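*Asks:* After the structure tokens below, expect a handful of questions from me.
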Amino acid sequence: MSSSLTREGLLQAYRTMRTIREFEERLHVDFATGEIPGFVHLYAGEEASATGICMHLNRDDYIASTHRGHGHCIAKGVDPVGMMAEIWGKRTGTCKGKGGSMHIADLDVGMLGANGIVGGGGPLICGTALASKLRGSNNVGVCFFGDGASNQGTIFEAMNLAAVWKLPVIFVGENNGYAEATASKFSVACENIADRASAFGMPGVITDGFDFFAVHEAAGEAVKRAREGGGPTLLEVKLSRYYGHFEGDQQTYRAPGEVQKLRETKDCLMQFARRVTSRGELSMAELEAIDVEVKTLIDASVVKAKADPLPLPEDLMADVYVSY
Amino acid sequence: MARKITYQQAINEALDQEMARDPSVIVMGEDVAGGAGAPGEEDSWGGVLGVTKGLYAKHPGRVLDTPISESGYIGAAVGAACNGMRPVAELMFIDFMGVCFDQIFNQAAKFRYMFGGKAKTPVVIRAMYGAGFRAAAQHSQCLYNIFTHIPGLKVVLPSNPYDAKGLLIQSIRDNDPVIFLEHKALYTMEGDVPEESYIVPFGEAAVVQEGDDVTIVAFGRMVNYAKDAGASLRKKGVQCEIIDPRTTSPMDFDTILESVERTGRLVIVDESHPRCSMASDVSGFIAQEAFRALKAPIQMVTAPHVPVPFAASLEDLYIPSPARIEEAVMRVKEYR
């Protein structure tokens with residue numbers, strides 16, 4: 001498989017994946033101290049999916065995300081510094097400390113929100129895509145959802161609606177094998193989530209979520225079809241999460257050594273680095289320089305988040321309505 | 001210039017005028033054009049009761065029939081509102097909120113607050129409500145109190161054709177999610193409605209009859225029943241002040257408070273069930289804010305705490321009547 005990416009594209013892909021990884025690994029450590037409020041669901045291990053897909057999107061394209069949304073946010077261009085402050089519940093956060101990890105959104109960059117409701121984003125992204133279509137723009141919408149959400153009625157309704165209205169939508173089913181603690185082998189009645197595409201008259205594609213290049217290529221075709229008026233695609237990305245459903249999950253439902261083996265043999269960053277260096281597209285030194293830059297950025301975001309002010313009492317009543 | 005048209009025509013006219021004024025206004029729902037993909041003409045139905053009839057022909061491509069997927073298309077209306085459109089989605093019967101409530105109360109209602117004030121979701125969800133059509137338990141409820149409970153939503157209950165047009169135009173121009181509820185028994189009600197476009201602002205109650213003896217607060221269709229009761233009581237020398245809040249979120253509590261402080265007697269008429277209702281909401285507010293002004297216990301005239309029955313003999317018993325309103329007024333009037 002040959003890469004259609006320029007050097008700059010490859011560097012960007014690596015930087016985005018590394019930023020997500022560093023962000024999530026840092027949250028894993030910091031959450032254990034008990035200082036971070038609420039629930040946090042980490043995306044570590046799945047970076048190639050968000051990155052490979054969002055690299056095809058413009059600022060005016062929308063994505064709808066899930067409770068496991070940090071990776072999608074970063075890949076779509078939400079500022080990680082604001083995100084970290086948001087997760088720490090600070091007034092300087094992306095959502096002024098009122099959304100938290102499960103509801104980070106930044107409409108200015110086409111990020112329609114992580115979503116605390118499983119399957120909530122499917123109908124919404126049909127709406128952004130409908131608006132784009134009615135305006136005659138070629139913008140697309142991407143709905144990320146998990147194997148758990150693949151069984152929600154909202155996702156079925158959204159897929160049918162997108163097909164009926166021939167909307168420029170890409171449904172990205174990130175199948176990490178577990179809906180909370182229940183295996184997708186149990187909860188998804190068919191072999192693959194992508195098999196359901198034919199029932200809605202749209203193409204269904206399966207791709208390897210550990211392989212950035214595979215995701216990038218499959219997503220490229222789906223986004224192109226959508227932009228050209230060819231309607232929706234269901235793209236199933238098979239991947240795995242390195243951490244629990246939420247932080248604190250002991251993952252007793254997983255096989256011993258399951259995650260360790262994936263990290264050692266299939267990790268998306270490892271595979272990416274091996275490939276681009278072996279082909280001479282990027283050097284190890286270049287990748288290591290990005291690692292250092294990203295670590296510095298995330299360290300600084302945590303220092304800032306910890307020092308930033310909490311929301312004030314007067315913020316409690318603000319921003320419920322535009323006017324009331 | 002005003003002329004007499006029906007409540008249903010007033011709603012159609014508001015949609016038509018706003019669609020002509022603003023290209024971002026779109027209408028979507030089950031059969032709102034009616035007949036999409038069928039051999040008959042595209043706008044054969046114009047909604048299940050014909051409320052949107054004719055809009056498809058006048059505004060091609062902007063009146064969208066949907067599959068029977070309430071979560072799907074109500075959510076799509078919410079998403080389109082986040083991306084620059086002003087969708088008016090028709091939920092047909094408000095009872096169907098049961099299959100799409102997440103998209104309304106967890107998504108649309110929460111976006112602005114949860115996203116730190118960045119989101120704007122100017123969506124209108126229209127639905128018919130109310131009993132009286134022998135449509136039984138799943139097609140006759142009010143449920144406005146449930147939406148009123150949710151911060152982030154605005155809730156509108158026009159009781160006459162004039163308000164229906166002006167409130168719907170305000171709903172479409174409003175930048176927050178609006179639940180616009182049409183009582184199905186009012187569709188044929190006639191009234192004076194100006195031809196030109198106008199708005200009725202939210203949060204401003206109408207005092208539909210002035211009086212100093214007893215305050216009646218009534219919602220939606222019940223405003224008309226309260227007027228019937230008020231006319232009969234006037235002949236008996238009892239002067240009622242009848243207040244139509246018109247919107248339950250925002251709610252004009254000030255007008256109610258001012259009236260009760262003057263009359264000292266309050267009857268609330270609400271077609272919904274009594275528990276956690278608009279009636280109990282207003283009652284609680286007045287008990288807290290105007291306790292010393294009250295000369296008699298507040299009376300709530302509501303439906304009973306049962307599902308809406310089918311048989312005519314039972315449904316007629318279920319719906320509050322002008323006679324029951326009159327009795328309640330006399331109870332507070334004669335309380336010693």
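In the structure tokens, each chain is lettered A, B, ... as it comes, each chain's residues begin at 1, and ligands are numbered from 1 in order of appearance.
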Tell me, counting only C-alpha atoms, for each residue of chain A within 7 Å of chain B, which pair of atoms is nearest and how far apart they are in Å to one decimal, in rows ordered by chain and increasing number, as a Markdown table.

*Replies:*
```
| residue | atom | partner | partner_atom | distance |
| --- | --- | --- | --- | --- |
| A:Cys95 | CA | B:Gly116 | CA | 3.9 |
| A:Lys96 | CA | B:Gly116 | CA | 5.1 |
| A:Lys98 | CA | B:Met114 | CA | 5.2 |
| A:Gly99 | CA | B:Met114 | CA | 4.5 |
| A:His103 | CA | B:Met114 | CA | 6.7 |
| A:Ile104 | CA | B:Phe115 | CA | 6.7 |
| A:Ala105 | CA | B:Phe115 | CA | 5.8 |
| A:Leu107 | CA | B:Ala119 | CA | 6.9 |
| A:Pro123 | CA | B:Gly75 | CA | 4.5 |
| A:Leu124 | CA | B:Gly79 | CA | 4.1 |
| A:Ile125 | CA | B:Gly79 | CA | 5.9 |
| A:Cys126 | CA | B:Ala76 | CA | 5.1 |
| A:Gly127 | CA | B:Ala76 | CA | 3.6 |
| A:Thr128 | CA | B:Ala80 | CA | 4.5 |
| A:Leu130 | CA | B:Ala80 | CA | 6.5 |
| A:Ala131 | CA | B:Ala80 | CA | 5.2 |
| A:Thr154 | CA | B:Gly72 | CA | 6.1 |
| A:Glu157 | CA | B:Gly72 | CA | 5.1 |
| A:Ala158 | CA | B:Gly72 | CA | 5.2 |
| A:Leu161 | CA | B:Gly72 | CA | 6.8 |
| A:Asp319 | CA | B:Gly117 | CA | 4.9 |
| A:Val320 | CA | B:Tyr113 | CA | 4.9 |
| A:Tyr321 | CA | B:Gly152 | CA | 5.8 |
| A:Val322 | CA | B:Asp176 | CA | 6.2 |
| A:Tyr324 | CA | B:Pro250 | CA | 6.5 |
```

*Asks:* Write to file, as a CSV table (one decimal), in the first residue's frame, the residues of the selection just made, with N, CA and C atoms.

*Replies:*
```
chain,number,residue,atom,x,y,z
A,95,CYS,N,-15.1,24.2,27.6
A,95,CYS,CA,-16.6,24.5,27.9
A,95,CYS,C,-16.7,25.2,29.2
A,96,LYS,N,-15.7,26.0,29.6
A,96,LYS,CA,-15.8,26.8,30.9
A,96,LYS,C,-16.0,25.9,32.1
A,98,LYS,N,-18.0,23.4,32.4
A,98,LYS,CA,-19.4,23.0,32.6
A,98,LYS,C,-19.7,21.7,31.8
A,99,GLY,N,-18.8,21.2,31.0
A,99,GLY,CA,-19.1,20.0,30.3
A,99,GLY,C,-18.3,18.8,30.8
A,103,HIS,N,-18.3,15.7,27.6
A,103,HIS,CA,-19.1,16.7,26.8
A,103,HIS,C,-18.2,17.8,26.2
A,104,ILE,N,-17.0,17.5,26.0
A,104,ILE,CA,-16.1,18.5,25.3
A,104,ILE,C,-16.6,18.7,23.9
A,105,ALA,N,-16.9,20.0,23.6
A,105,ALA,CA,-17.3,20.3,22.2
A,105,ALA,C,-16.6,21.6,21.8
A,107,LEU,N,-17.6,24.0,18.6
A,107,LEU,CA,-18.3,24.1,17.3
A,107,LEU,C,-17.5,24.9,16.4
A,123,PRO,N,-28.1,10.7,15.0
A,123,PRO,CA,-29.1,11.7,14.5
A,123,PRO,C,-28.5,13.1,14.3
A,124,LEU,N,-27.7,13.5,15.2
A,124,LEU,CA,-27.2,14.9,15.2
A,124,LEU,C,-26.4,15.1,13.9
A,125,ILE,N,-25.5,14.1,13.6
A,125,ILE,CA,-24.6,14.3,12.5
A,125,ILE,C,-25.4,14.3,11.2
A,126,CYS,N,-26.5,13.6,11.2
A,126,CYS,CA,-27.4,13.6,10.0
A,126,CYS,C,-27.9,15.1,9.8
A,127,GLY,N,-28.1,15.8,10.9
A,127,GLY,CA,-28.6,17.1,10.8
A,127,GLY,C,-27.5,18.1,10.3
A,128,THR,N,-26.3,18.0,10.7
A,128,THR,CA,-25.3,18.9,10.2
A,128,THR,C,-25.0,18.6,8.7
A,130,LEU,N,-27.3,17.3,6.6
A,130,LEU,CA,-28.4,17.9,5.9
A,130,LEU,C,-28.3,19.3,5.6
A,131,ALA,N,-27.8,20.1,6.7
A,131,ALA,CA,-27.6,21.5,6.5
A,131,ALA,C,-26.6,21.8,5.4
A,154,THR,N,-30.9,4.6,17.7
A,154,THR,CA,-30.6,5.9,17.1
A,154,THR,C,-29.6,5.7,16.0
A,157,GLU,N,-31.5,4.3,13.1
A,157,GLU,CA,-32.4,5.3,12.5
A,157,GLU,C,-31.6,6.3,11.7
A,158,ALA,N,-30.4,6.6,12.3
A,158,ALA,CA,-29.5,7.6,11.6
A,158,ALA,C,-29.0,7.0,10.3
A,161,LEU,N,-31.9,7.1,7.8
A,161,LEU,CA,-32.2,8.5,7.4
A,161,LEU,C,-31.1,9.0,6.4
A,319,ASP,N,-25.5,31.0,30.6
A,319,ASP,CA,-25.4,30.2,29.4
A,319,ASP,C,-26.4,29.0,29.3
A,320,VAL,N,-27.5,29.1,30.0
A,320,VAL,CA,-28.6,28.1,29.8
A,320,VAL,C,-29.3,28.3,28.5
A,321,TYR,N,-29.6,29.6,28.3
A,321,TYR,CA,-30.3,30.0,27.1
A,321,TYR,C,-29.5,31.1,26.4
A,322,VAL,N,-29.8,31.4,25.1
A,322,VAL,CA,-29.2,32.6,24.4
A,322,VAL,C,-29.9,33.8,25.0
A,324,TYR,N,-33.6,34.6,27.8
A,324,TYR,CA,-34.7,34.0,28.5
A,324,TYR,C,-35.5,35.1,29.2
```

*Asks:* Find the spatial neighbours of Arg275 of chain A, counting only C-alpha atoms, within a cut-off of 12 Å - ignore same-chain residues fewer than 3 positions away - and output them as a count of residues only.

*Replies:* 20

*Asks:* Contacts of Val172 of chain A at 12 Å or less, counting only C-alpha atoms, minus same-chain residues fewer than 2 places along, as a ChimeraX atom specification?

*Replies:* /A:49-50,52-54,63-66,72,119,121-122,125,141-147,149-150,155,159,169-170,174-175,193-194,197,204-207,209,215,218-219,222-223,232-238

*Asks:* Write the residues of the selection above to a file with C-alpha atoms, as a short mmCIF file (atom, residue, chain, number, x, y, z; two decimals), in the first residue's frame.

*Replies:*
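Contents of the output file selection.cif:
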```cif
data_model
loop_
_atom_site.label_atom_id
_atom_site.label_comp_id
_atom_site.auth_asym_id
_atom_site.auth_seq_id
_atom_site.Cartn_x
_atom_site.Cartn_y
_atom_site.Cartn_z
CA SER A 49 -8.84 5.78 13.92
CA ALA A 50 -9.53 9.38 14.90
CA GLY A 52 -6.71 8.61 9.97
CA ILE A 53 -10.27 9.84 9.55
CA CYS A 54 -10.04 13.45 10.71
CA ILE A 63 -17.87 15.23 13.77
CA ALA A 64 -20.04 13.77 16.52
CA SER A 65 -18.15 11.84 19.14
CA THR A 66 -18.71 9.53 22.08
CA HIS A 72 -11.66 12.68 18.32
CA GLY A 119 -25.52 6.47 20.18
CA GLY A 121 -24.48 11.49 17.89
CA GLY A 122 -25.95 9.59 14.93
CA ILE A 125 -24.62 14.34 12.46
CA GLY A 141 -20.29 14.78 8.78
CA VAL A 142 -18.61 11.95 10.63
CA CYS A 143 -20.38 10.02 13.37
CA PHE A 144 -18.00 8.11 15.61
CA PHE A 145 -19.69 5.40 17.65
CA GLY A 146 -18.62 2.24 19.43
CA ASP A 147 -19.62 -1.40 19.21
CA ALA A 149 -23.71 2.10 20.29
CA SER A 150 -23.91 -0.05 17.17
CA ILE A 155 -27.68 4.53 15.08
CA MET A 159 -28.10 5.17 9.04
CA VAL A 169 -22.15 11.12 6.34
CA ILE A 170 -19.48 8.64 7.33
CA GLU A 174 -15.00 1.87 16.38
CA ASN A 175 -15.19 -1.73 17.51
CA ILE A 193 -20.77 -4.16 12.44
CA ALA A 194 -20.01 -3.30 8.81
CA ALA A 197 -24.44 -1.52 5.99
CA GLY A 204 -19.76 -1.28 4.52
CA VAL A 205 -16.00 -1.34 4.91
CA ILE A 206 -13.83 -3.02 7.54
CA THR A 207 -10.44 -1.64 8.37
CA GLY A 209 -7.59 0.28 13.47
CA VAL A 215 -7.75 3.70 8.19
CA ALA A 218 -10.52 3.64 3.73
CA ALA A 219 -11.67 6.94 5.20
CA ALA A 222 -15.67 7.25 2.13
CA VAL A 223 -15.13 11.00 2.55
CA PRO A 232 -23.15 7.61 3.38
CA THR A 233 -20.67 4.86 4.19
CA LEU A 234 -20.35 2.63 7.23
CA LEU A 235 -16.71 2.17 8.13
CA GLU A 236 -15.93 -0.35 10.86
CA VAL A 237 -12.57 0.17 12.51
CA LYS A 238 -11.37 -2.86 14.47
#
```

*Asks:* Excluding segment 295-310 of chain A and its own-chain neighbours fewer than 3 positions away, which residues fall within 7 Å of it when counting only C-alpha atoms? Please give them as a PyMOL selection string.

*Replies:* chain A and resi 22-23+81+84-85+88-92+291-292

*Asks:* Just want the 9 Å neighbourhood of Arg126 of chain B, counted on only C-alpha atoms, with same-chain residues fewer than 6 positions away dropped. Output as a list in words.

*Replies:*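 Here the answer would be Val88, Ala89, Glu90, Leu91, Met92, Phe93, Ile94, Val178, Ile179, Phe180, Leu181 and Glu182 of chain B.
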
*Asks:* Grab the atom CA of Ser171 of chain B to atom CA of Ile199 of chain B distance for me, in Å with one decimal place.

*Replies:*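 Atom CA of Ile199 of chain B lies at a distance of 8.9 Å from atom CA of Ser171 of chain B.
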
*Asks:* Write out as a PyMOL selection string each polymer residue whose atoms come within 9 Å of Tyr318 of chain B, counting only C-alpha atoms; drop sequence neighbours fewer than 3 positions from it.

*Replies:* chain B and resi 131+271+302-304+306+308-309+313-315+321

*Asks:* The selected residues should be written to file as a PDB file, in the first residue's frame (atoms: C-alpha atoms).

*Replies:*
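result.pdb, written as the output of this step:
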```
ATOM      1  CA  ALA B 131     -57.542  15.091  24.920  1.00  0.00           C
ATOM      2  CA  GLU B 271     -55.624  19.715  31.382  1.00  0.00           C
ATOM      3  CA  THR B 302     -56.919  19.202  36.515  1.00  0.00           C
ATOM      4  CA  ALA B 303     -57.393  15.829  34.904  1.00  0.00           C
ATOM      5  CA  PRO B 304     -57.238  12.934  37.382  1.00  0.00           C
ATOM      6  CA  VAL B 306     -55.039   8.285  35.268  1.00  0.00           C
ATOM      7  CA  VAL B 308     -56.514   9.311  29.094  1.00  0.00           C
ATOM      8  CA  PRO B 309     -59.436   6.883  28.602  1.00  0.00           C
ATOM      9  CA  SER B 313     -68.293   8.799  28.777  1.00  0.00           C
ATOM     10  CA  LEU B 314     -64.923   8.471  30.511  1.00  0.00           C
ATOM     11  CA  GLU B 315     -62.933  10.956  28.454  1.00  0.00           C
ATOM     12  CA  SER B 321     -64.920  21.300  32.165  1.00  0.00           C
TER      13      SER B 321
END
```

*Asks:* Can you pull out every residue from segment 41-107 of chain B that DSSP, working from the backbone, puts in strand (DSSP E or B), and format the result as a list in words?

*Replies:*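 Strand (DSSP E or B) assignments inside segment 41-107 of chain B correspond to Val63, Leu64, Asp65, Arg86, Pro87, Val88, Ala89, Glu90, Leu91, Met92 and Phe93 of chain B.
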
*Asks:* Restrict the selected residues to C-alpha atoms and save them as a PDB file, in the first residue's frame.

*Replies:*
```pdb
ATOM      1  CA  VAL B  63     -40.342  20.576   3.369  1.00  0.00           C
ATOM      2  CA  LEU B  64     -38.882  17.174   4.045  1.00  0.00           C
ATOM      3  CA  ASP B  65     -40.789  13.955   4.594  1.00  0.00           C
ATOM      4  CA  ARG B  86     -33.654  26.981  11.623  1.00  0.00           C
ATOM      5  CA  PRO B  87     -35.497  23.674  11.409  1.00  0.00           C
ATOM      6  CA  VAL B  88     -39.122  23.259  12.403  1.00  0.00           C
ATOM      7  CA  ALA B  89     -39.576  19.566  13.103  1.00  0.00           C
ATOM      8  CA  GLU B  90     -43.051  18.143  13.532  1.00  0.00           C
ATOM      9  CA  LEU B  91     -43.397  15.384  16.100  1.00  0.00           C
ATOM     10  CA  MET B  92     -47.051  14.803  15.107  1.00  0.00           C
ATOM     11  CA  PHE B  93     -48.374  13.746  18.540  1.00  0.00           C
TER      12      PHE B  93
END
```

*Asks:* Which residue out of B:Cys142, B:Val282, B:Ile298, B:Ala287 has the minimum interatomic distance to Leu266 of chain B when only C-alpha atoms are used?

*Replies:*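 That would be B:Ile298, the residue with the smallest distance to Leu266 of chain B.
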
*Asks:* Run DSSP on the backbone and give me the residues of segment 263-299 of chain A it puts in alpha helix (DSSP H), as a PyMOL selection string.

*Replies:* chain A and resi 263-265+268-278+284-299

*Asks:* If I take atom CA of Glu86 of chain A and atom CA of Gly100 of chain A, how far is one from the other in Å, to one decimal?

*Replies:*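 Computed distance, atom CA of Glu86 of chain A to atom CA of Gly100 of chain A, equals 5.5 Å.
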
*Asks:* Could you pull the residues within 9 Å of Lys333 of chain B, counting only C-alpha atoms, minus those fewer than 5 positions along the same chain, as a list of chain:residue names?

*Replies:*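 Returned residues: B:Asp213, B:Val214, B:Val238, B:Arg265, B:Lys295, B:Ala296, B:Ala328.
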
*Asks:* Rank nothing, just name the residue among B:Val156, B:Ala229, B:Met300, B:Ala185 nearest to Ile172 of chain B, using only C-alpha atoms.

*Replies:*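 Smallest separation from Ile172 of chain B among the options: B:Val156.
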